[in-house]
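Trainee: Have a look at this one.
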Number of protein chains: 2
Amino acid sequence: MLRLKALWEAKFKMNLRDLSLKLGVSQTTVSRALNGYPEVSEATRARIVAAADRYNYQPNTRAKSLATGRSMAIGHVIPLSAEHEMVNPVFGDFIAGAGEAYAREGYDMLLSVVRQQDEQKAYREMSSKRSVDGVIVHGPRLDDPRPALLNELSMPFVVHGRVPERDEDYAWLDMDNRRAFRRATEFLLDLGHIRISLINGHETMDFARRRRNGFNEAFEGRGLGVAFDLQAAGEMTESFGFHHAQRLLALPNRPTAIIVSSILLAIGVQRAISEAGLRMGTDISVVTHDDALSYLRNGDELPLFTATRSSVRDAGMRCAEMLIERVKNPENGLAQELWEAELILGQSTGRAPNSSF
Amino acid sequence: MLRLKALWEAKFKMNLRDLSLKLGVSQTTVSRALNGYPEVSEATRARIVAAADRYNYQPNTRAKSLATGRSMAIGHVIPLSAEHEMVNPVFGDFIAGAGEAYAREGYDMLLSVVRQQDEQKAYREMSSKRSVDGVIVHGPRLDDPRPALLNELSMPFVVHGRVPERDEDYAWLDMDNRRAFRRATEFLLDLGHIRISLINGHETMDFARRRRNGFNEAFEGRGLGVAFDLQAAGEMTESFGFHHAQRLLALPNRPTAIIVSSILLAIGVQRAISEAGLRMGTDISVVTHDDALSYLRNGDELPLFTATRSSVRDAGMRCAEMLIERVKNPENGLAQELWEAELILGQSTGRAPNSSF
DNA sequence: GTGAAAGCGCTAACAA
DNA sequence: TTGTTAGCGCTTTCAC
């Protein structure tokens with residue numbers, strides 16, 4: 001049994017010392033060879049690389065980061081929606097993209113899911129425990145304390161989104177939500193819709209404010225008054241979408257189009273429309289956020305709006321790249337990128353039922 | 001500038017040595033006091049704890065795990081759907097639950113998002129780089145090589161779900177998918193539905209097989225033939241749900257009820273129903289998987305089926321607890337838990353339009 | 001081009 | 001009850 005263990009250890013739990021002993025060179029040389037330092041003869045390097053690979057040697061990350069002072073990990077603090085205790089579904093897509101960048105660059109991804117009241121503590125801990133080299137900030141809010149906190153902690157970070165009224169002194173990547181919602185609204189106005197409703201998330205979230213601004217701008221740009229009675233903001237849940245859509249559909253002068261700000265809201269809205277016996281795309285147009293990729297693969301036209309699953313994924317990858325860049329070269333300037341939202345308006349966004357087109 | 005940095009370091013980058021020097025005791029004593037060892041006088045412990053807290057001292061995790069040999073981190077390897085390059089949306093909920101358990105127990109959560117072909121490499125790396133103490137296995141498949149691999153690597157693990165035909169020699173937690181789908185189908189049969197369709201995920205995924213088995217058992221239990229023409233399995237995407245539902249609805253003898261196996265499929269199905277001008281719950285019943293919590297908070301009846309978002313969250317928490325337990329006491333037996341699915345059938349699952357009820 | 005030795009920040013025998 | 005000391009596995013001067 002003990003022999004078996006020893007054998008097994010010999011095969012798998014190889015460390016730098018073991019390897020250097022086996023090769024008859026010093027640990028230093030092995031380390032240098034494997035880390036691509038130039039002062040190793042090509043012959044030795046080749047021998048070492050071959051052995052490392054033959055014995056399946058991988059450096060112990062904990063030892064490595066203790067020695068280098070870099071943890072080679074990036075932290076993500078995921079806020080749990082307060083009322084709802086659930087994670088925003090776009091998060092999975094963001095992570096998929098970020099994960100790809102981390103894998104490529106040799107970073108680990110550390111996740112911490114916390115309630116909002118524990119958020120600051122989570123960042124402080126990541127900092128004082130030295131568990132990450134940088135963090136991605138998700139879901140910036142009005143008066144968000146995080147950029148200041150992270151600067152105080154000297155923790156490199158990139159914000160996915162922007163803090164309202166404040167986008168000077170930190171690195172961020174954001175979709176142009178205002179522009180996207182303006183374009184979508186204009187598209188519906190062009191089709192002859194006038195009674196257009198917006199079902200949005202709470203405006204403590206930056207993107208929700210920007211989306212409403214874009215929506216309003218479309219009306220103002222046409223010299224039309226904004227129908228404030230058709231705007232709503234709430235929890236981005238199926239239930240809110242369902243109930244609010246029911247309310248809208250029961251209106252004497254109900255909207256002919258609805259712009260929906262999130263996927264969960266959209267599910268509820270769809271259900272309300274279907275239960276009311278209305279046809280999407282005929283009786284009522286719905287512009288929403290969709291699983292674009294799966295439609296695109298089928299060559300379909302999309303019932304689509306703003307940050308689609310695949311663009312969130314791309315954003316995740318880019319945020320990760322920006323942060324890694326920042327961690328490696330802290331002296332470089334702050335990258336700030338505003339992305340054009342993918343916007344393909346199709347099938348479910350038909351004409352207004354009584355438009356003159 | 002250098003002075004500022006020193007000041008700052010003094011305030012935040014406190015380490016064990018600094019703290020012990022400041023207190024005039026040895027590092028050992030500080031370590032012992034902070035880690036709750038009994039052989040420290042209460043007076044010293046109190047002083048030390050107070051100072052730690054005053055200077056915001058947190059042990060460096062990398063150093064700690066190098067010294068202890070435990071990394072205090074759990075790994076999750078998230079498979080990216082091959083065709084689709086997206087993360088399954090239930091994943092966010094699972095993570096939320098798991099994250100809570102990790103936070104409570106002082107573990108970090110390490111995520112690695114990989115394409116299926118790189119999956120084994122990801123596990124091997126986690127093992128050889130010593131970055132985690134254990135892993136959660138997601139989405140077990142037919143002939144899944146992971147349990148064997150992880151056993152070979154002596155890496156503690158818990159499977160969320162089960163590997164088909166094989167549930168003896170590893171720890172797992174699964175929803176009783178078979179039973180849940182049988183109950184849901186029976187419920188529809190009781191309401192007078194006969195033409196019931198199942199839109200399922202690919203049967204390489206264990207839960208999909210079990211769900212179909214449950215569905216079929218309900219028919220068999222009533223002495224009814226199973227309508228195989230109404231069963232479909234495909235990618236769990238909105239697009240597949242949409243197109244397949246369109247096909248079903250165009251049938252001369254179209255189903256009066258549809259059981260849908262995932263949230264993305266359901267969105268597509270809803271859209272097809274709405275575009276066809278049919279009413280959910282009146283013309284056609286849909287049994288699906290939903291954002292239960294947001295409805296429950298409103299005291300609504302649920303249009304609900306099997307692993308709801310909140311039960312996935314609970315499963316995540318329990319899997320994490322099982323794994324932590326296993327990491328701490330490897331000699332204990334393998335925990336295996338089969339959970340009853342939450343199942344509240346409501347509003348959208350009305351009677352068959354021409355049933356005799 | 002290679003190696004010896006110190007040290008990253010912590011824990012855990014072993015002594016006292 | 002407290003302190004001394006020797007690592008954990010790696011990187012990185014510095015000397016050869």
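Each chain of the structure tokens is named A, B, ... in the order shown, its residues numbered from 1; ligands are numbered from 1 in display order.
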Please provide the set of residues having any atom within 9 Å of C:DT2, restricted to only C-alpha atoms (C1' of nucleotides), with same-chain residues fewer than 5 positions apart removed, written as a list in words.

Mentor: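 Near neighbours after the sequence-gap exclusion: Val25, Ser26, Thr28, Thr29 and Val40 of chain A; DC16 of chain D.
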
Trainee: Which parts of stretch 178-307 of chain A does DSSP call helix (DSSP H, G or I) when run on the backbone here, written out as a PyMOL selection string?

Mentor: chain A and resi 178-190+206-221+228-230+238-249+263-275+292-296

Trainee: Up to 7 Å from chain C, what residues of chain B turn up? Count only C-alpha atoms (C1' of nucleotides) and give them as a list in words.

Mentor: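 The selection requested is Asn60, Ala63, Lys64, Ala67 and Thr68 of chain B.
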
Trainee: Residues of chain A were defined as contacting chain B if any atom lay at most 7 Å from it, counting only C-alpha atoms; please report them as a PyMOL selection string.

Mentor: chain A and resi 13+58-63+65-66+84+86-87+89+92-93+96+99-100+108-113+128-131+237-239+267+270-271+274-281+291+294-295

Trainee: Check which residues of chain D sit at most 8 Å from chain A using only C-alpha atoms (C1' of nucleotides), and return one row each with the closest pair of atoms and their distance in Å to one decimal, ordered by chain and rising number, as JSON lines.

Mentor:
```
{"residue": "D:DC8", "atom": "C1'", "partner": "A:Ala63", "partner_atom": "CA", "distance": 7.8}
{"residue": "D:DG9", "atom": "C1'", "partner": "A:Ala63", "partner_atom": "CA", "distance": 5.0}
{"residue": "D:DC10", "atom": "C1'", "partner": "A:Lys64", "partner_atom": "CA", "distance": 4.8}
{"residue": "D:DT11", "atom": "C1'", "partner": "A:Ala67", "partner_atom": "CA", "distance": 5.5}
```

Trainee: Next, the residues of the selection above should be written as an mmCIF file, in the first residue's frame with C-alpha atoms (C1' of nucleotides).

Mentor:
```cif
data_model
loop_
_atom_site.group_PDB
_atom_site.id
_atom_site.type_symbol
_atom_site.label_atom_id
_atom_site.label_comp_id
_atom_site.auth_asym_id
_atom_site.auth_seq_id
_atom_site.Cartn_x
_atom_site.Cartn_y
_atom_site.Cartn_z
ATOM 1 C "C1'" DC D 8 5.936 23.836 2.230
ATOM 2 C "C1'" DG D 9 7.741 24.448 -3.511
ATOM 3 C "C1'" DC D 10 8.892 27.839 -5.963
ATOM 4 C "C1'" DT D 11 11.744 32.212 -7.863
#
```

Trainee: Tell me which of A:Thr204, A:Ala184, A:Leu34, A:Leu198 sits closest to A:Arg141, counting only C-alpha atoms.

Mentor: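 Under the stated criterion, the closest residue is A:Thr204.
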
Trainee: Excluding A:Asp176 and residues on its chain fewer than 5 positions from it, collect all residues at most 6 Å away from it, counting only C-alpha atoms (C1' of nucleotides), and give them as a list in words.

Mentor: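 Close residues of A:Asp176: Leu338, Trp339 and Glu340 of chain A.
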
Trainee: Please extract the residues of stretch 35-217 of chain A with a backbone DSSP assignment of strand (DSSP E or B) and present them as a ChimeraX atom specification.

Mentor: /A:73-80,108-115,134-138,141,157-160,163,166,171-175,196-201,205

Trainee: So which residues touch B:Asp229 within 12 Å, counting only C-alpha atoms (C1' of nucleotides), skipping near sequence neighbours fewer than 5 positions away, as a list in words?

Mentor: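 Counting only C-alpha atoms (C1' of nucleotides), the residues come to Arg195, Ile196, Ser197, Leu198, Ile199, Arg247, Leu248, Leu251, Asn253, Arg254 and Pro255 of chain B.
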
Trainee: What gap, in Å, lies between atom CA of A:Ala245 and atom CA of A:Gly139?

Mentor: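 Between atom CA of A:Ala245 and atom CA of A:Gly139 the gap works out to 25.3 Å.
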
Trainee: If I take atom CA of A:Leu230 and atom CA of A:Leu343, how far is one from the other in Å, to one decimal?

Mentor: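 Atom-to-atom, atom CA of A:Leu230 and atom CA of A:Leu343 are spaced 22.6 Å apart.
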
Trainee: Distance atom CA of B:Leu189-atom CA of B:Val287, one decimal place?

Mentor: 12.5 Å
